[in-house]
Every structure is written in C-alpha cells, then in structure tokens.
file my_file_39.cif (mmCIF, C-alpha atoms)
data_start
#
loop_
_atom_site.label_atom_id
_atom_site.label_comp_id
_atom_site.auth_asym_id
_atom_site.auth_seq_id
_atom_site.Cartn_x
_atom_site.Cartn_y
_atom_site.Cartn_z
CA MET A 14 0.00 0.00 0.00
CA ILE A 15 1.36 3.43 -0.95
CA ASP A 16 1.16 6.23 1.59
CA HIS A 17 0.54 9.29 -0.58
CA GLY A 18 0.48 11.61 2.43
CA ARG A 19 4.15 11.05 3.26
CA ILE A 20 6.95 12.55 1.23
CA PRO A 21 9.94 10.21 1.08
CA PRO A 22 13.22 11.58 2.42
CA PRO A 23 15.68 12.96 -0.13
CA ARG A 24 18.27 10.49 -1.35
CA ASP A 25 21.90 10.73 -2.42
CA ASP A 26 23.15 9.55 -5.80
CA HIS A 27 23.26 5.95 -4.53
CA GLY A 28 19.70 5.95 -3.17
CA ALA A 29 20.58 6.28 0.52
CA ALA A 30 18.30 8.49 2.60
CA LEU A 31 19.86 11.82 3.54
CA ASP A 32 19.73 13.69 6.81
CA THR A 33 19.26 17.08 5.19
CA ASP A 34 19.02 18.89 8.53
CA ALA A 35 22.46 17.62 9.53
CA ASP A 36 23.85 18.46 6.09
CA VAL A 37 22.61 22.04 6.36
CA GLN A 38 23.92 22.44 9.92
CA PHE A 39 27.39 21.17 9.00
CA MET A 40 27.43 23.25 5.81
CA LYS A 41 26.64 26.34 7.89
CA GLN A 42 29.74 25.58 9.95
CA ALA A 43 31.80 25.11 6.78
CA LEU A 44 30.46 28.45 5.54
CA GLY A 45 31.67 30.04 8.79
CA LEU A 46 35.16 28.70 8.00
CA ALA A 47 34.88 30.19 4.51
CA VAL A 48 34.11 33.56 6.08
CA ARG A 49 37.24 33.15 8.20
CA ALA A 50 39.24 32.54 5.01
CA MET A 51 37.80 35.71 3.50
CA GLU A 52 38.69 37.70 6.63
CA GLU A 53 42.26 36.48 6.12
CA ASP A 54 42.16 37.63 2.47
CA GLU A 55 42.01 34.06 1.19
CA VAL A 56 39.54 32.68 -1.34
CA PRO A 57 36.52 31.93 0.88
CA VAL A 58 36.26 28.16 0.95
CA GLY A 59 35.67 26.20 4.13
CA ALA A 60 35.63 22.48 4.80
CA LEU A 61 35.00 20.13 7.68
CA ILE A 62 35.07 16.40 8.13
CA VAL A 63 32.55 14.66 10.35
CA ARG A 64 32.44 11.12 11.70
CA GLY A 65 29.09 10.36 13.25
CA GLN A 66 28.11 13.76 14.60
CA LYS A 67 31.64 14.74 15.67
CA ILE A 68 33.85 17.12 13.72
CA VAL A 69 37.26 15.46 13.34
CA GLY A 70 38.86 17.94 10.93
CA MET A 71 38.32 21.44 9.64
CA GLY A 72 40.05 23.84 7.33
CA TRP A 73 39.78 26.94 5.22
CA ASN A 74 41.88 28.10 2.32
CA GLN A 75 45.32 29.15 3.56
CA ARG A 76 47.38 29.27 0.37
CA GLU A 77 48.44 32.88 0.86
CA ALA A 78 49.18 32.60 4.58
CA LEU A 79 51.15 29.37 4.25
CA ARG A 80 52.57 30.16 0.80
CA ASP A 81 51.50 26.64 -0.10
CA PRO A 82 49.58 25.86 -3.30
CA THR A 83 48.19 22.69 -1.70
CA ALA A 84 46.68 24.49 1.32
CA HIS A 85 43.10 24.23 0.05
CA ALA A 86 40.37 23.94 2.68
CA GLU A 87 39.79 20.25 1.92
CA MET A 88 43.49 19.38 2.16
CA VAL A 89 43.84 21.12 5.52
CA ALA A 90 40.70 19.37 6.83
CA ILE A 91 41.86 15.96 5.57
CA THR A 92 45.27 16.36 7.23
CA GLN A 93 43.65 17.39 10.50
CA ALA A 94 41.12 14.54 10.41
CA ALA A 95 43.84 11.96 9.72
CA ALA A 96 45.81 13.26 12.71
CA SER A 97 42.70 13.31 14.89
CA LEU A 98 41.78 9.73 13.99
CA SER A 99 45.37 8.47 13.86
CA SER A 100 44.72 6.99 10.43
CA TRP A 101 44.97 8.05 6.81
CA ARG A 102 41.83 6.03 6.11
CA LEU A 103 38.91 8.36 6.81
CA GLU A 104 36.30 5.64 6.45
CA GLY A 105 32.93 6.49 7.96
CA CYS A 106 33.51 10.22 7.48
CA THR A 107 31.70 12.89 5.51
CA LEU A 108 33.47 15.89 4.01
CA TYR A 109 31.47 19.12 3.88
CA VAL A 110 32.94 21.83 1.64
CA THR A 111 31.49 25.09 0.40
CA LEU A 112 32.88 24.74 -3.15
CA GLU A 113 33.04 21.73 -5.45
CA PRO A 114 36.49 20.14 -5.00
CA CYS A 115 39.22 20.64 -7.61
CA PRO A 116 41.19 17.72 -9.14
CA MET A 117 43.89 17.86 -6.42
CA CYS A 118 41.34 17.77 -3.60
CA ALA A 119 39.24 15.10 -5.33
CA GLY A 120 42.37 12.97 -5.55
CA ALA A 121 43.07 13.47 -1.84
CA ILE A 122 39.45 12.58 -1.03
CA LEU A 123 39.82 9.32 -2.95
CA GLN A 124 43.20 8.54 -1.40
CA SER A 125 41.86 9.10 2.12
CA ARG A 126 38.87 6.84 1.45
CA ILE A 127 36.25 9.40 2.46
CA PRO A 128 32.96 7.73 1.52
CA ARG A 129 30.71 10.80 1.30
CA VAL A 130 31.19 14.37 0.08
CA VAL A 131 28.68 17.20 0.47
CA TYR A 132 29.43 20.43 -1.36
CA GLY A 133 27.74 23.78 -1.77
CA ALA A 134 28.51 25.76 -4.92
CA ALA A 135 29.50 24.17 -8.21
CA ASP A 136 32.85 25.21 -9.71
CA PRO A 137 32.51 25.42 -13.50
CA LYS A 138 36.19 26.39 -13.89
CA ALA A 139 37.88 23.73 -11.75
CA GLY A 140 35.25 21.34 -10.36
CA ALA A 141 36.32 17.71 -10.43
CA VAL A 142 33.19 16.16 -8.91
CA ASP A 143 30.47 17.15 -11.40
CA SER A 144 31.38 20.26 -13.41
CA LEU A 145 34.52 19.43 -15.43
CA TYR A 146 35.36 15.91 -14.26
CA ARG A 147 33.62 13.18 -12.31
CA LEU A 148 36.58 11.80 -10.37
CA LEU A 149 34.68 10.74 -7.27
CA ASP A 150 32.53 8.22 -9.10
CA ASP A 151 34.90 7.12 -11.86
CA PRO A 152 34.52 3.31 -12.12
CA ARG A 153 38.15 2.96 -13.24
CA LEU A 154 39.36 3.99 -9.77
CA ASN A 155 39.45 1.74 -6.72
CA HIS A 156 37.37 4.03 -4.49
CA ARG A 157 34.20 6.01 -5.15
CA CYS A 158 32.24 8.50 -3.06
CA THR A 159 28.62 9.27 -2.56
CA VAL A 160 28.08 12.93 -3.46
CA THR A 161 25.42 15.38 -2.36
CA ALA A 162 25.70 18.60 -4.35
CA GLY A 163 24.14 22.02 -3.92
CA VAL A 164 23.65 22.18 -0.14
CA MET A 165 23.35 25.91 0.60
CA ALA A 166 24.72 26.53 -2.90
CA GLN A 167 23.31 30.05 -3.12
CA ASP A 168 24.95 31.18 0.13
CA CYS A 169 28.25 29.52 -0.73
CA GLY A 170 28.29 31.00 -4.23
CA ALA A 171 27.30 34.47 -3.01
CA LEU A 172 30.27 34.58 -0.62
CA LEU A 173 32.66 33.68 -3.45
CA SER A 174 31.05 36.21 -5.81
CA HIS A 175 31.32 38.95 -3.19
CA PHE A 176 35.00 38.16 -2.58
CA PHE A 177 35.97 38.23 -6.25
CA LYS A 178 33.87 41.33 -6.94
CA SER A 179 35.69 43.17 -4.14
CA LYS A 180 39.06 41.93 -5.48
CA ARG A 181 38.22 43.26 -8.94
CA ALA A 182 37.14 46.60 -7.42
CA GLU A 183 40.47 46.84 -5.53
CA GLY A 184 42.33 46.27 -8.77
CA LYS A 185 40.62 49.25 -10.39
CA LYS A 186 41.81 51.71 -7.70
#
call {"tool": "encode", "arguments": {"input": "my_file_39.cif", "output": "structure tokens"}}
result
Amino acid sequence: MIDHGRIPPPRDDHGAALDTDADVQFMKQALGLAVRAMEEDEVPVGALIVRGQKIVGMGWNQREALRDPTAHAEMVAITQAAASLSSWRLEGCTLYVTLEPCPMCAGAILQSRIPRVVYGAADPKAGAVDSLYRLLDDPRLNHRCTVTAGVMAQDCGALLSHFFKSKRAEGKK
C-alpha cells in the first residue's frame, strides 16, 4: 500500500536516505570557516570532516598565509582529520565543503577513502566532482564516493562572488 500523504526523504546519488538537517547544519559551519578565510584575504572556501556527529577535521583556504599551493580547505581538513583519527583512512567520514572540489582535492578525497562528500557551490572552472570531471565516481578507480551537491549553494556562491567582486574593485583603484 502506498502512503501518498508522506513525502519520502531525499536520497543521495546511490539511493541512501539523507539527513538534510544535519547536512545544512554542517554546511553552515563550513560556511563560517569560509568567512574566516575571506577575513584572512584568502579565497573563501571552508571544509569540515565529520564522523558520526563529531567534527574530526576542519580547514579553510590558507594558500596565501602558508605560501603553499596545496593548502586548500579540503586538504587542511583531511590532514587534521587523519591526525585526529590516527589513520589516513577516513572511512565512515563525511566531508562538507562550500565549493566543489578541484582535481587535487578530489584525488586526496579518494586517497583518504572518504565515503561521502557534500558540497555547496558548483565550480565550472575547476570542479572535479560534477562540473569538469567526475573523479569521485569514476569506475576505473578503486574508491568512489557518494556525493550530495548544492547544499546551501546560493549562500556559498554568493560569498565567493562577493569576494571576487571586491578583489576586482580593488584592482581598479
């Protein structure tokens, strides 16, 4: 018997039910880290890694501060989570990030065995999850991730747009 009065829960790309409330709450925290990056004059991207309901790693872009091209938010969060869990295998974790991961970060996600990625804004210029490449679900690789895209996409994208608009305005002075 079909219950037409009940809306089924949203599902990820593998059909698993999603806890959208938790996804939004964790993405709000990742967005707060992106604001911190912006306050430090970094591209505003924030990331956090959660196991169960516990945050085990967090990061924001720090390429300028660290003078390190690999210091993307995801890379910093992955390094911190691996240290926190005393393992490079981040099985059972979810990565929340405000911008679709680039090829470098997608590779690190695969190498660290993170099973689920939730991202906010798409990145049509460098996105390696859906936009330009689909690295996280490539069947030729030995690990694949479940992906939930577009969580708080408007807020995440607006922060990036504001940052780059202000950078362009500074350049015209």
call {"tool": "closest_residue", "arguments": {"input": "my_file_39.cif", "among": "A:Ala171, A:Val160, A:Leu79, A:Leu103", "to": "A:Arg64", "atoms": "all atoms listed in the file"}}
result
A:Leu103
call {"tool": "closest_residue", "arguments": {"input": "my_file_39.cif", "among": "A:Ser97, A:Ser125, A:Gln167, A:Gln42", "to": "A:Gly70", "atoms": "all atoms listed in the file"}}
result
A:Ser97
call {"tool": "atom_distance", "arguments": {"input": "my_file_39.cif", "atom1": "atom CA of A:Val37", "atom2": "atom CA of A:Gly72"}}
result
17.6 Å
call {"tool": "atom_distance", "arguments": {"input": "my_file_39.cif", "atom1": "atom CA of A:Phe39", "atom2": "atom CA of A:Ile127"}}
result
16.1 Å
call {"tool": "residues_near_point", "arguments": {"input": "my_file_39.cif", "point": "(33.2, 28.2, -4.3)", "cutoff": "12 Å", "atoms": "all atoms listed in the file", "output": "mmCIF file with C-alpha atoms, keeping the file's coordinate frame"}}
result
data_model
loop_
_atom_site.group_PDB
_atom_site.id
_atom_site.type_symbol
_atom_site.label_atom_id
_atom_site.label_comp_id
_atom_site.auth_asym_id
_atom_site.auth_seq_id
_atom_site.Cartn_x
_atom_site.Cartn_y
_atom_site.Cartn_z
ATOM 1 C CA ALA A 43 31.800 25.110 6.780
ATOM 2 C CA LEU A 44 30.460 28.450 5.540
ATOM 3 C CA ALA A 47 34.880 30.190 4.510
ATOM 4 C CA VAL A 48 34.110 33.560 6.080
ATOM 5 C CA ALA A 50 39.240 32.540 5.010
ATOM 6 C CA MET A 51 37.800 35.710 3.500
ATOM 7 C CA GLU A 55 42.010 34.060 1.190
ATOM 8 C CA VAL A 56 39.540 32.680 -1.340
ATOM 9 C CA PRO A 57 36.520 31.930 0.880
ATOM 10 C CA VAL A 58 36.260 28.160 0.950
ATOM 11 C CA GLY A 59 35.670 26.200 4.130
ATOM 12 C CA ALA A 60 35.630 22.480 4.800
ATOM 13 C CA TRP A 73 39.780 26.940 5.220
ATOM 14 C CA ASN A 74 41.880 28.100 2.320
ATOM 15 C CA HIS A 85 43.100 24.230 0.050
ATOM 16 C CA ALA A 86 40.370 23.940 2.680
ATOM 17 C CA VAL A 110 32.940 21.830 1.640
ATOM 18 C CA THR A 111 31.490 25.090 0.400
ATOM 19 C CA LEU A 112 32.880 24.740 -3.150
ATOM 20 C CA GLU A 113 33.040 21.730 -5.450
ATOM 21 C CA PRO A 114 36.490 20.140 -5.000
ATOM 22 C CA CYS A 115 39.220 20.640 -7.610
ATOM 23 C CA TYR A 132 29.430 20.430 -1.360
ATOM 24 C CA GLY A 133 27.740 23.780 -1.770
ATOM 25 C CA ALA A 134 28.510 25.760 -4.920
ATOM 26 C CA ALA A 135 29.500 24.170 -8.210
ATOM 27 C CA ASP A 136 32.850 25.210 -9.710
ATOM 28 C CA PRO A 137 32.510 25.420 -13.500
ATOM 29 C CA LYS A 138 36.190 26.390 -13.890
ATOM 30 C CA ALA A 139 37.880 23.730 -11.750
ATOM 31 C CA GLY A 140 35.250 21.340 -10.360
ATOM 32 C CA GLY A 163 24.140 22.020 -3.920
ATOM 33 C CA MET A 165 23.350 25.910 0.600
ATOM 34 C CA ALA A 166 24.720 26.530 -2.900
ATOM 35 C CA GLN A 167 23.310 30.050 -3.120
ATOM 36 C CA ASP A 168 24.950 31.180 0.130
ATOM 37 C CA CYS A 169 28.250 29.520 -0.730
ATOM 38 C CA GLY A 170 28.290 31.000 -4.230
ATOM 39 C CA ALA A 171 27.300 34.470 -3.010
ATOM 40 C CA LEU A 172 30.270 34.580 -0.620
ATOM 41 C CA LEU A 173 32.660 33.680 -3.450
ATOM 42 C CA SER A 174 31.050 36.210 -5.810
ATOM 43 C CA HIS A 175 31.320 38.950 -3.190
ATOM 44 C CA PHE A 176 35.000 38.160 -2.580
ATOM 45 C CA PHE A 177 35.970 38.230 -6.250
#
call {"tool": "closest_residue", "arguments": {"input": "my_file_39.cif", "among": "A:Leu145, A:Thr107, A:Glu87, A:Gln38", "to": "A:Ala121", "atoms": "only C-alpha atoms"}}
result
A:Glu87
call {"tool": "resolve_selection", "arguments": {"input": "my_file_39.cif", "expression": "the PyMOL selection byres ((chain A and resi 158) around 8)", "output": "list in words"}}
result
Leu123, Ile127, Pro128, Arg129, Val130, Leu149, Asp150, His156, Arg157, Thr159 and Val160 of chain A
call {"tool": "decode", "arguments": {"input": "my_file_39.cif", "residues": "stretch 34-46 of chain A", "atoms": "N, CA, C and O atoms", "output": "short mmCIF file (atom, residue, chain, number, x, y, z; two decimals), in the first residue's frame"}}
result
data_model
loop_
_atom_site.label_atom_id
_atom_site.label_comp_id
_atom_site.auth_asym_id
_atom_site.auth_seq_id
_atom_site.Cartn_x
_atom_site.Cartn_y
_atom_site.Cartn_z
N ASP A 34 18.82 17.93 7.44
CA ASP A 34 19.02 18.89 8.53
C ASP A 34 20.47 18.89 8.98
O ASP A 34 21.07 19.94 9.17
N ALA A 35 21.05 17.71 9.13
CA ALA A 35 22.46 17.62 9.53
C ALA A 35 23.35 18.21 8.44
O ALA A 35 24.31 18.92 8.74
N ASP A 36 23.04 17.93 7.18
CA ASP A 36 23.85 18.46 6.09
C ASP A 36 23.85 19.99 6.10
O ASP A 36 24.89 20.62 5.95
N VAL A 37 22.70 20.58 6.32
CA VAL A 37 22.61 22.04 6.36
C VAL A 37 23.37 22.58 7.58
O VAL A 37 24.11 23.57 7.46
N GLN A 38 23.23 21.95 8.72
CA GLN A 38 23.92 22.44 9.92
C GLN A 38 25.44 22.37 9.75
O GLN A 38 26.15 23.32 10.10
N PHE A 39 25.94 21.27 9.20
CA PHE A 39 27.39 21.17 9.00
C PHE A 39 27.86 22.12 7.90
O PHE A 39 28.94 22.69 8.00
N MET A 40 27.04 22.32 6.87
CA MET A 40 27.43 23.25 5.81
C MET A 40 27.47 24.68 6.35
O MET A 40 28.33 25.47 5.94
N LYS A 41 26.58 25.01 7.26
CA LYS A 41 26.64 26.34 7.89
C LYS A 41 27.97 26.53 8.61
O LYS A 41 28.56 27.62 8.56
N GLN A 42 28.44 25.49 9.27
CA GLN A 42 29.74 25.58 9.95
C GLN A 42 30.88 25.72 8.93
O GLN A 42 31.82 26.49 9.15
N ALA A 43 30.79 24.99 7.83
CA ALA A 43 31.80 25.11 6.78
C ALA A 43 31.78 26.52 6.19
O ALA A 43 32.82 27.11 5.90
N LEU A 44 30.59 27.08 6.05
CA LEU A 44 30.46 28.45 5.54
C LEU A 44 31.11 29.44 6.51
O LEU A 44 31.74 30.41 6.08
N GLY A 45 30.98 29.20 7.80
CA GLY A 45 31.67 30.04 8.79
C GLY A 45 33.18 29.99 8.61
O GLY A 45 33.87 31.00 8.76
N LEU A 46 33.72 28.82 8.27
CA LEU A 46 35.16 28.70 8.00
C LEU A 46 35.53 29.44 6.72
O LEU A 46 36.61 30.04 6.63
#
